[in-house]
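The block underneath contains the structure these notes are about, expressed in structure tokens.
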Amino acid sequence: MSPVSALLFDDGTTTGRTVLLRFVDGDLSIEDGADVRTVPADQLRVTSRLAGLRRIVWLPDDAQLHCDDGAFVDRLRPQSAFEALLDRLERHPAAVAGAVVTIVAAAAVLLFQALPLAAERIARAIPQAAETRLGEHVLAVLDEAWLARSALPRDERIRLNRLFREFVDTAPDGAAYSLHLRSAGGLANAFALPGGRIVLTDALVGKLEHDEALLAVLAHEIGHVRERHLLRSVLQNSAILLVVGMLAGDPSGASGMLLAAPVFLLNGHYSRAFEQEADAHAHQVLAQRNLSPAWFGYAIGRLAAQEGRGRSAPPDGLQAYLASHPADADRMAAAFQAAQDFPPIERALAERLGAGRDAPRWPAADLVGCWSGWEPMEAEWSRFWTVEFDADGSLQLRFDHVDPNDRLAYSDLESGSWALGADMLVARSRMVFDEAVVEPAYDRLHAYRIEHLDRQLMLYIQSVTGVEYLSERIDCELAGIGIAERTHRDAEE
Amino acid sequence: MADHNTANAGAPPVDDVLAFEFRGRAGEYFRIWIVNLALSILTLGIFSAWAKVRRERYFHGNTWVAGAPFQYLGEPLPILAGRVVAVILLAAFLLAGQLLPFAQGVVMAIGLFVLPWIVVGALRFRARNAAWSGVAFRFDGSMQEGYLNYLIRYLLVAPSLGLAYPYVRHCQRAYINGEHRFGTTRFTFGGSVAAFYRIYGFAVLALVCCLAGFVAALIALMFLANVFLPAFPPSFAEYAPLPLLYVALLPAWCFLTSRLTNLSFNATRLGDLRFRSTVRAIDLVWLYATNALAIVGSLGLLVPWARIRLARYRAARLQVLAPGSLVAFHAGPGERPGAAGDEVAGFFSLDLSL
């Protein structure tokens, strides 16, 4: 067997001497010029094999041999099974391919399964009292920085609190929840704090209008509290940073910063999962209270319309992934899906449309009614307008142009189904009429808003599925719509 | 590979310029990296200590100077212990910071107080486990000096409105470089405070220019977005500025890093050896920018390639100037400090190596 050359460092300095090594009968013989030294191989310590790196062989007296012939060192002192396996894996193409698959699969399982599960377990283990204190503290901070006292009338605040208590107190954990009404500078929002404090802003109360819709939103927030979403998202977000740091191996430097970018994407994913969970909770709780889950869809539709979110097409692809909330249309569709066993809320809305105004009343059972007014037009012409409530719940606004001589000149049915109140179109007063009605032909619920201000009609139509959105300014005179100086009750007198 | 025997054994030429060379190859390192990463994941992170040893061994062992490679002697078990401590510390730090907002000050204070210990521990561990031609490095800096440089002196920064910051950095560099030994031979650091002020002065200038460019680019982008994409996804507006800010600040950051690296090496001596580092900011900008693009574009698969080319560049830009013959360095006796400091430093991304 031919000798192998190596560098011997035996005097504690950086000066090495070239020596020749032989492996004979379990012994290492070192030929250093004329000297030959023999060391039993089992007294040697060697570095393991890694790529083609120079190997170190430690002699019992701490002298070192640096040798480039890895195969010789392996014969001298066979690697442990562990080290040999590592080295083989690092060289084997199949192992490399397997590693890529493993990493992708592990990342998917970790980020989408293991982490959320672990966060959920940990969040549940945190005592309720600690969560309550945390919520208390957060609300105090928010009150200091951002929220103001509710400007709702006292009676309304009392009524809402009573409504909330009736809604939650039947649940076993009802006592944990409390309603906190605040004003947030016109921002319509509701959010839950850990421990059960639920904050509702005045603007949201104003926009949702119907108690059922408010309760639907509250049920959604209660879902967040019950599932401890806030704590879980805190835990998950911390853990992601840790995992990404570990996967990157070296969290320092520019590449580390860039690798942290996908964390934003994951945050969006997690938060959407939580929203869906809370939505499902809202559907379930509403159904238990014999309220249609469609109220939740209605609430989402109203809020989407107010924020102008309905304007744009539903997000898709990357944009949907980045979003922190699911698409409004999807959330509403889910709510209407859950409401299949309930009578449509459109009926209730239409009933209330009549009940909310004092007169004239019409039988709620068949929803047939008529509400009309007239306004004098140029010279002898007058116009009579009529809102008709049909048995199927649709509403129509009709303008009849009246010739005093002929009684009825022609009838002019305005397109679509408009909803108007008799006390609305009074000149120089600001009126807002805001309602949702069903459009039977398409089986769709539409949110209508008609605003009148000084002979200008603003017509907004939005389907509650959030997709279409129309807003139109109608100059009453240009459109040929007269404005009543009096309501029809005045006219009857 | 025949030359290293003679170069190392015999006397190198007089007045030699000894170039550093990095011999690692991206393809080779990719296999090591991916297999070790997969094993780390499969063992729930336990193997990561072994993976780290193999990574450090690969990078040390492929860095050659004067015909011989460096060696990494770290053992996995102390690193594993250090990692456990690091994970616990980091988790406690993050959790306490987020769950107890009112305790954030206390948590930060504890973190600051532990930091010097982490820094000094990391320096000791790294030095101790790096060797060349059978002789290991050492870091002799005392813990007291560590607290002075990484805690007490920072107290000067705020009252001086940041003006003392270059001075603090100078003290830290002098501490790190001046307290290292190679065997029994000490490193000495002769960099002046003025040099640090000069570098930071120009860096601030570069930063101002970069920020101005960033603001201009942002305004232009928003303008274009409004004109050409009326239905611009709002999420884009939320996420676009951050990467753009990275891009904008990269030149200033690279300028600072390159100048500080050069100063650190060029003002340091080892016995009568001097160093010459000629890292250029423009090269770093190119390297970091292309690395980042490659890493993001390959979903991380090009991390090994990025690391290799950075190591190759840094080595290519570093030389040892030996005035006479390269004298022998003597190894010193020493104990092996624990690995905890090093691991925590790695997690908190403080790169404090020489």
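Letters for chains follow the order of the structure tokens (A, B, ...), residue numbers begin at 1 for each chain, and ligand numbers begin at 1 in the order shown.
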What's the 6 Å shell around Pro3 in chain A, counting only C-alpha atoms, without same-chain residues fewer than 6 positions away, as a PyMOL selection string? chain A and resi 20-22
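Here is the contact set of chain B against chain A, at 6 Å and counting only C-alpha atoms: Ala9, Arg31, Ile32, Val35, Ala38, Ser133, Ala292, Ala328, Phe329, His330, Ala331 and Ser349 of chain B.
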Keeping N, CA and C atoms for every residue in the selection just given, could you write it to a file as a compact mmCIF listing (two decimals), in the first residue's frame?
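What landed in result_30.txt:
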```txt
# COMPACT_ATOMS: atom_id res chain seq x y z
N ALA B 9 4.76 24.32 5.07
CA ALA B 9 5.90 23.73 5.78
C ALA B 9 7.12 24.63 5.68
N ARG B 31 -26.10 20.80 -1.78
CA ARG B 31 -26.48 19.45 -1.33
C ARG B 31 -26.36 19.33 0.18
N ILE B 32 -25.25 19.88 0.70
CA ILE B 32 -25.05 19.83 2.16
C ILE B 32 -26.16 20.60 2.86
N VAL B 35 -29.82 18.89 2.54
CA VAL B 35 -29.96 17.65 3.32
C VAL B 35 -29.98 17.98 4.81
N ALA B 38 -33.32 19.57 5.73
CA ALA B 38 -34.39 18.58 5.82
C ALA B 38 -34.27 17.77 7.12
N SER B 133 -4.04 25.87 10.72
CA SER B 133 -2.80 25.12 10.86
C SER B 133 -2.56 24.67 12.30
N ALA B 292 -30.61 38.75 -3.16
CA ALA B 292 -31.98 38.84 -2.65
C ALA B 292 -32.97 38.44 -3.74
N ALA B 328 6.24 31.32 12.77
CA ALA B 328 5.34 30.34 13.36
C ALA B 328 4.57 31.00 14.50
N PHE B 329 3.29 30.66 14.56
CA PHE B 329 2.48 31.12 15.69
C PHE B 329 2.35 29.97 16.68
N HIS B 330 2.36 30.36 17.95
CA HIS B 330 2.30 29.32 18.98
C HIS B 330 0.90 29.20 19.55
N ALA B 331 0.49 27.96 19.73
CA ALA B 331 -0.81 27.72 20.34
C ALA B 331 -0.72 27.96 21.84
N SER B 349 -29.45 37.91 15.42
CA SER B 349 -28.82 38.40 14.20
C SER B 349 -27.82 39.51 14.46
```
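Residues in contact range of range 154-161 of chain A, defined as at most 7 Å between only C-alpha atoms, with sequence neighbours fewer than 3 positions away removed, read A:Phe164, A:Arg165, A:Leu179.
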May I have the residues from that selection written out with all heavy atoms, as an mmCIF file, in the first residue's frame?
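Once written, part32.cif looks like this:
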```
data_model
loop_
_atom_site.group_PDB
_atom_site.id
_atom_site.type_symbol
_atom_site.label_atom_id
_atom_site.label_comp_id
_atom_site.auth_asym_id
_atom_site.auth_seq_id
_atom_site.Cartn_x
_atom_site.Cartn_y
_atom_site.Cartn_z
ATOM 1 N N PHE A 164 -78.073 43.217 24.254
ATOM 2 C CA PHE A 164 -76.860 42.400 24.289
ATOM 3 C C PHE A 164 -76.934 41.366 25.412
ATOM 4 O O PHE A 164 -76.643 40.195 25.229
ATOM 5 C CB PHE A 164 -75.646 43.319 24.475
ATOM 6 C CG PHE A 164 -74.341 42.592 24.581
ATOM 7 C CD1 PHE A 164 -73.736 42.077 23.443
ATOM 8 C CD2 PHE A 164 -73.717 42.416 25.805
ATOM 9 C CE1 PHE A 164 -72.534 41.416 23.525
ATOM 10 C CE2 PHE A 164 -72.514 41.750 25.895
ATOM 11 C CZ PHE A 164 -71.923 41.246 24.748
ATOM 12 N N ARG A 165 -77.359 41.829 26.615
ATOM 13 C CA ARG A 165 -77.426 40.919 27.763
ATOM 14 C C ARG A 165 -78.411 39.785 27.500
ATOM 15 O O ARG A 165 -78.132 38.627 27.773
ATOM 16 C CB ARG A 165 -77.830 41.673 29.029
ATOM 17 C CG ARG A 165 -76.735 42.545 29.603
ATOM 18 C CD ARG A 165 -76.057 41.922 30.817
ATOM 19 N NE ARG A 165 -75.278 40.735 30.504
ATOM 20 C CZ ARG A 165 -73.997 40.766 30.161
ATOM 21 N NH1 ARG A 165 -73.352 41.904 30.073
ATOM 22 N NH2 ARG A 165 -73.345 39.648 29.903
ATOM 23 N N LEU A 179 -70.602 44.593 26.761
ATOM 24 C CA LEU A 179 -70.676 45.458 25.581
ATOM 25 C C LEU A 179 -70.144 46.835 25.953
ATOM 26 O O LEU A 179 -70.484 47.385 26.998
ATOM 27 C CB LEU A 179 -72.131 45.560 25.109
ATOM 28 C CG LEU A 179 -72.357 46.416 23.863
ATOM 29 C CD1 LEU A 179 -71.712 45.775 22.660
ATOM 30 C CD2 LEU A 179 -73.843 46.619 23.631
#
```
Would you return as a PyMOL selection string the members of range 127-260 of chain B that DSSP assigns to alpha helix (DSSP H) on this structure's backbone? chain B and resi 127-128+143-147+165-178+193-228+234-239+241-260
Among the residues of range 26-238 of chain A, find those DSSP assigns to strand (DSSP E or B) from the backbone and print them as a PyMOL selection string. chain A and resi 27-32+35-40+45-46+55-58+64-67+148-149+178-183+190-192+197-201
Saved selection, atoms kept: N, CA, C and O atoms, as a compact mmCIF listing (two decimals), in the first residue's frame:
```
# COMPACT_ATOMS: atom_id res chain seq x y z
N ASP A 27 -2.44 -0.26 12.97
CA ASP A 27 -1.62 0.82 13.52
C ASP A 27 -1.34 1.85 12.44
O ASP A 27 -1.23 1.52 11.27
N LEU A 28 -1.24 3.12 12.90
CA LEU A 28 -0.85 4.19 11.98
C LEU A 28 0.65 4.40 12.15
O LEU A 28 1.12 4.66 13.26
N SER A 29 1.39 4.25 11.05
CA SER A 29 2.83 4.54 11.15
C SER A 29 3.09 5.88 10.47
O SER A 29 2.57 6.16 9.39
N ILE A 30 3.81 6.76 11.18
CA ILE A 30 4.09 8.11 10.69
C ILE A 30 5.57 8.18 10.37
O ILE A 30 6.41 8.05 11.28
N GLU A 31 5.88 8.39 9.11
CA GLU A 31 7.28 8.43 8.69
C GLU A 31 7.69 9.88 8.56
O GLU A 31 7.30 10.59 7.64
N ASP A 32 8.45 10.37 9.56
CA ASP A 32 8.82 11.78 9.66
C ASP A 32 10.32 11.86 9.39
O ASP A 32 11.13 11.79 10.32
N ASP A 35 12.66 9.37 11.26
CA ASP A 35 11.90 8.79 12.38
C ASP A 35 10.64 8.11 11.87
O ASP A 35 9.97 8.60 10.98
N VAL A 36 10.31 7.00 12.49
CA VAL A 36 9.04 6.35 12.23
C VAL A 36 8.36 6.12 13.57
O VAL A 36 8.95 5.56 14.49
N ARG A 37 7.11 6.65 13.66
CA ARG A 37 6.38 6.53 14.91
C ARG A 37 5.11 5.72 14.63
O ARG A 37 4.50 5.87 13.57
N THR A 38 4.74 4.88 15.55
CA THR A 38 3.56 4.04 15.34
C THR A 38 2.52 4.32 16.43
O THR A 38 2.86 4.34 17.61
N VAL A 39 1.30 4.55 16.00
CA VAL A 39 0.22 4.84 16.95
C VAL A 39 -0.92 3.88 16.66
O VAL A 39 -1.30 3.71 15.50
N PRO A 40 -1.46 3.20 17.68
CA PRO A 40 -2.62 2.34 17.43
C PRO A 40 -3.79 3.17 16.92
O PRO A 40 -4.08 4.24 17.49
N ARG A 45 -8.33 10.28 17.07
CA ARG A 45 -9.63 10.95 16.93
C ARG A 45 -9.58 11.69 15.60
O ARG A 45 -8.57 12.34 15.30
N VAL A 46 -10.65 11.60 14.81
CA VAL A 46 -10.62 12.25 13.50
C VAL A 46 -11.86 13.10 13.30
O VAL A 46 -12.90 12.85 13.93
N ARG A 55 -8.98 16.69 6.34
CA ARG A 55 -9.34 16.04 7.60
C ARG A 55 -8.26 16.25 8.64
O ARG A 55 -7.09 16.41 8.31
N ILE A 56 -8.69 16.26 9.90
CA ILE A 56 -7.73 16.37 11.00
C ILE A 56 -7.71 15.04 11.74
O ILE A 56 -8.76 14.47 12.05
N VAL A 57 -6.52 14.57 12.01
CA VAL A 57 -6.35 13.36 12.83
C VAL A 57 -5.60 13.78 14.09
O VAL A 57 -4.50 14.33 14.00
N TRP A 58 -6.23 13.60 15.26
CA TRP A 58 -5.55 13.94 16.50
C TRP A 58 -4.84 12.71 17.05
O TRP A 58 -5.45 11.64 17.20
N GLN A 64 -1.40 17.04 15.70
CA GLN A 64 -2.42 16.93 14.66
C GLN A 64 -1.79 16.53 13.33
O GLN A 64 -0.71 16.99 12.99
N LEU A 65 -2.52 15.71 12.61
CA LEU A 65 -2.17 15.43 11.22
C LEU A 65 -3.27 16.02 10.34
O LEU A 65 -4.46 15.80 10.62
N HIS A 66 -2.88 16.79 9.35
CA HIS A 66 -3.87 17.33 8.40
C HIS A 66 -3.70 16.58 7.09
O HIS A 66 -2.63 16.61 6.50
N CYS A 67 -4.75 15.91 6.68
CA CYS A 67 -4.63 14.98 5.56
C CYS A 67 -5.76 15.20 4.55
O CYS A 67 -6.92 15.32 4.93
N ALA A 148 -63.64 57.45 21.85
CA ALA A 148 -64.29 58.46 22.69
C ALA A 148 -65.59 57.87 23.22
O ALA A 148 -66.03 56.81 22.78
N ARG A 149 -66.20 58.58 24.15
CA ARG A 149 -67.47 58.09 24.70
C ARG A 149 -68.52 58.04 23.62
O ARG A 149 -68.54 58.86 22.69
N SER A 178 -69.12 41.56 27.84
CA SER A 178 -69.70 42.86 28.13
C SER A 178 -69.61 43.73 26.90
O SER A 178 -68.70 43.60 26.08
N LEU A 179 -70.60 44.59 26.76
CA LEU A 179 -70.68 45.46 25.58
C LEU A 179 -70.14 46.84 25.95
O LEU A 179 -70.48 47.39 27.00
N HIS A 180 -69.30 47.38 25.10
CA HIS A 180 -68.73 48.71 25.36
C HIS A 180 -68.99 49.58 24.15
O HIS A 180 -68.44 49.34 23.07
N LEU A 181 -69.85 50.56 24.33
CA LEU A 181 -70.19 51.45 23.21
C LEU A 181 -69.21 52.61 23.20
O LEU A 181 -68.92 53.21 24.23
N ARG A 182 -68.67 52.87 22.03
CA ARG A 182 -67.69 53.95 21.90
C ARG A 182 -67.93 54.68 20.59
O ARG A 182 -68.58 54.16 19.69
N SER A 183 -67.35 55.83 20.52
CA SER A 183 -67.34 56.55 19.25
C SER A 183 -65.91 56.56 18.73
O SER A 183 -64.97 56.77 19.50
N ALA A 190 -66.56 47.00 14.88
CA ALA A 190 -66.82 46.25 16.09
C ALA A 190 -65.62 45.34 16.28
O ALA A 190 -65.11 44.79 15.31
N PHE A 191 -65.13 45.24 17.50
CA PHE A 191 -64.03 44.31 17.72
C PHE A 191 -64.09 43.73 19.11
O PHE A 191 -64.69 44.30 20.02
N ALA A 192 -63.47 42.57 19.24
CA ALA A 192 -63.50 41.85 20.50
C ALA A 192 -62.12 41.89 21.12
O ALA A 192 -61.11 41.78 20.43
N ARG A 197 -64.53 41.50 26.34
CA ARG A 197 -65.00 42.87 26.10
C ARG A 197 -65.22 43.05 24.60
O ARG A 197 -64.34 42.78 23.80
N ILE A 198 -66.43 43.52 24.26
CA ILE A 198 -66.74 43.73 22.85
C ILE A 198 -67.07 45.20 22.65
O ILE A 198 -67.92 45.76 23.35
N VAL A 199 -66.34 45.80 21.75
CA VAL A 199 -66.49 47.23 21.51
C VAL A 199 -67.28 47.44 20.23
O VAL A 199 -67.02 46.81 19.22
N LEU A 200 -68.27 48.33 20.33
CA LEU A 200 -69.13 48.61 19.19
C LEU A 200 -69.11 50.12 18.99
O LEU A 200 -69.31 50.88 19.95
N THR A 201 -68.88 50.59 17.78
CA THR A 201 -68.85 52.04 17.59
C THR A 201 -70.22 52.57 17.19
O THR A 201 -71.03 51.85 16.60
```
Residue neighbourhood Ile222 in chain A, 8 Å, only C-alpha atoms, exclusion window fewer than 3 positions, as a list in words: Tyr177, Ala192, Gly196, Ile198, Leu218, Ala219, Val225, Arg226, Ala278 and Ala282 of chain A
Selection to disk with N, CA and C atoms, as a compact mmCIF listing (two decimals), in the first residue's frame:
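Contents of selection01.txt, freshly written:
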```txt
# COMPACT_ATOMS: atom_id res chain seq x y z
N TYR A 177 -69.04 38.20 28.93
CA TYR A 177 -69.08 39.20 27.86
C TYR A 177 -69.66 40.51 28.34
N ALA A 192 -63.47 42.57 19.24
CA ALA A 192 -63.50 41.85 20.50
C ALA A 192 -62.12 41.89 21.12
N GLY A 196 -63.46 38.93 26.65
CA GLY A 196 -64.90 39.10 26.45
C GLY A 196 -65.41 40.51 26.30
N ILE A 198 -66.43 43.52 24.26
CA ILE A 198 -66.74 43.73 22.85
C ILE A 198 -67.07 45.20 22.65
N LEU A 218 -72.33 41.07 16.67
CA LEU A 218 -71.87 40.74 18.03
C LEU A 218 -71.58 39.24 18.15
N ALA A 219 -72.41 38.42 17.51
CA ALA A 219 -72.17 36.98 17.56
C ALA A 219 -70.84 36.63 16.91
N VAL A 225 -63.84 35.83 20.56
CA VAL A 225 -63.45 35.68 21.97
C VAL A 225 -63.42 34.21 22.35
N ARG A 226 -64.50 33.50 21.96
CA ARG A 226 -64.60 32.09 22.35
C ARG A 226 -63.43 31.28 21.82
N ALA A 278 -65.07 32.78 12.97
CA ALA A 278 -65.99 33.65 13.70
C ALA A 278 -67.31 33.80 12.94
N ALA A 282 -71.02 32.92 14.23
CA ALA A 282 -72.16 33.85 14.19
C ALA A 282 -73.38 33.16 13.59
```
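For Ala289 in chain B, the set of protein, DNA and RNA residues having any atom at most 10 Å away, when counting only C-alpha atoms and skipping those fewer than 4 positions along the same chain, is Ala254 and Ser255 of chain A; Tyr246, Val247, Leu250, Pro251, Asp283, Leu284, Val285, Leu293, Ala294 and Ile295 of chain B.
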Dump of N, CA and C atoms for the selected residues, as a PDB file, in the first residue's frame:
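Result saved to part-v9.pdb:
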```pdb
ATOM      1  N   ALA A 254     -29.390  41.138   4.508  1.00  0.00           N
ATOM      2  CA  ALA A 254     -30.494  41.554   3.646  1.00  0.00           C
ATOM      3  C   ALA A 254     -31.376  40.377   3.260  1.00  0.00           C
ATOM      4  N   SER A 255     -30.771  39.213   3.038  1.00  0.00           N
ATOM      5  CA  SER A 255     -31.580  38.078   2.614  1.00  0.00           C
ATOM      6  C   SER A 255     -32.531  37.670   3.722  1.00  0.00           C
TER       7      SER A 255
ATOM      8  N   TYR B 246     -36.164  48.882   1.306  1.00  0.00           N
ATOM      9  CA  TYR B 246     -34.945  48.062   1.344  1.00  0.00           C
ATOM     10  C   TYR B 246     -34.030  48.433   0.195  1.00  0.00           C
ATOM     11  N   VAL B 247     -34.638  48.490  -1.001  1.00  0.00           N
ATOM     12  CA  VAL B 247     -33.855  48.800  -2.198  1.00  0.00           C
ATOM     13  C   VAL B 247     -33.200  50.164  -2.054  1.00  0.00           C
ATOM     14  N   LEU B 250     -30.308  50.225   0.469  1.00  0.00           N
ATOM     15  CA  LEU B 250     -29.206  49.290   0.245  1.00  0.00           C
ATOM     16  C   LEU B 250     -27.863  49.985  -0.045  1.00  0.00           C
ATOM     17  N   PRO B 251     -27.832  50.976  -0.928  1.00  0.00           N
ATOM     18  CA  PRO B 251     -26.525  51.606  -1.210  1.00  0.00           C
ATOM     19  C   PRO B 251     -25.878  52.198   0.040  1.00  0.00           C
ATOM     20  N   ASP B 283     -19.808  46.787  -5.306  1.00  0.00           N
ATOM     21  CA  ASP B 283     -19.848  45.323  -5.447  1.00  0.00           C
ATOM     22  C   ASP B 283     -20.867  44.715  -4.490  1.00  0.00           C
ATOM     23  N   LEU B 284     -20.886  45.264  -3.264  1.00  0.00           N
ATOM     24  CA  LEU B 284     -21.831  44.728  -2.273  1.00  0.00           C
ATOM     25  C   LEU B 284     -23.269  44.980  -2.706  1.00  0.00           C
ATOM     26  N   VAL B 285     -23.523  46.170  -3.255  1.00  0.00           N
ATOM     27  CA  VAL B 285     -24.881  46.473  -3.716  1.00  0.00           C
ATOM     28  C   VAL B 285     -25.306  45.423  -4.742  1.00  0.00           C
ATOM     29  N   LEU B 293     -32.751  38.935  -4.949  1.00  0.00           N
ATOM     30  CA  LEU B 293     -33.664  38.580  -6.046  1.00  0.00           C
ATOM     31  C   LEU B 293     -33.641  37.080  -6.293  1.00  0.00           C
ATOM     32  N   ALA B 294     -32.420  36.510  -6.304  1.00  0.00           N
ATOM     33  CA  ALA B 294     -32.297  35.079  -6.571  1.00  0.00           C
ATOM     34  C   ALA B 294     -32.992  34.272  -5.480  1.00  0.00           C
ATOM     35  N   ILE B 295     -32.826  34.698  -4.234  1.00  0.00           N
ATOM     36  CA  ILE B 295     -33.409  33.946  -3.119  1.00  0.00           C
ATOM     37  C   ILE B 295     -34.925  34.012  -3.169  1.00  0.00           C
TER      38      ILE B 295
END
```
Kindly indicate which residue among B:Leu302, B:Leu89, B:Leu273, B:Leu73 lies nearest to Arg57 in chain B, using only C-alpha atoms for the distances. B:Leu73
Selected residue, from B:Ala315, B:Leu245, B:Val215, B:Leu163, that lies nearest to Ser277 in chain B when counting only C-alpha atoms: B:Ala315
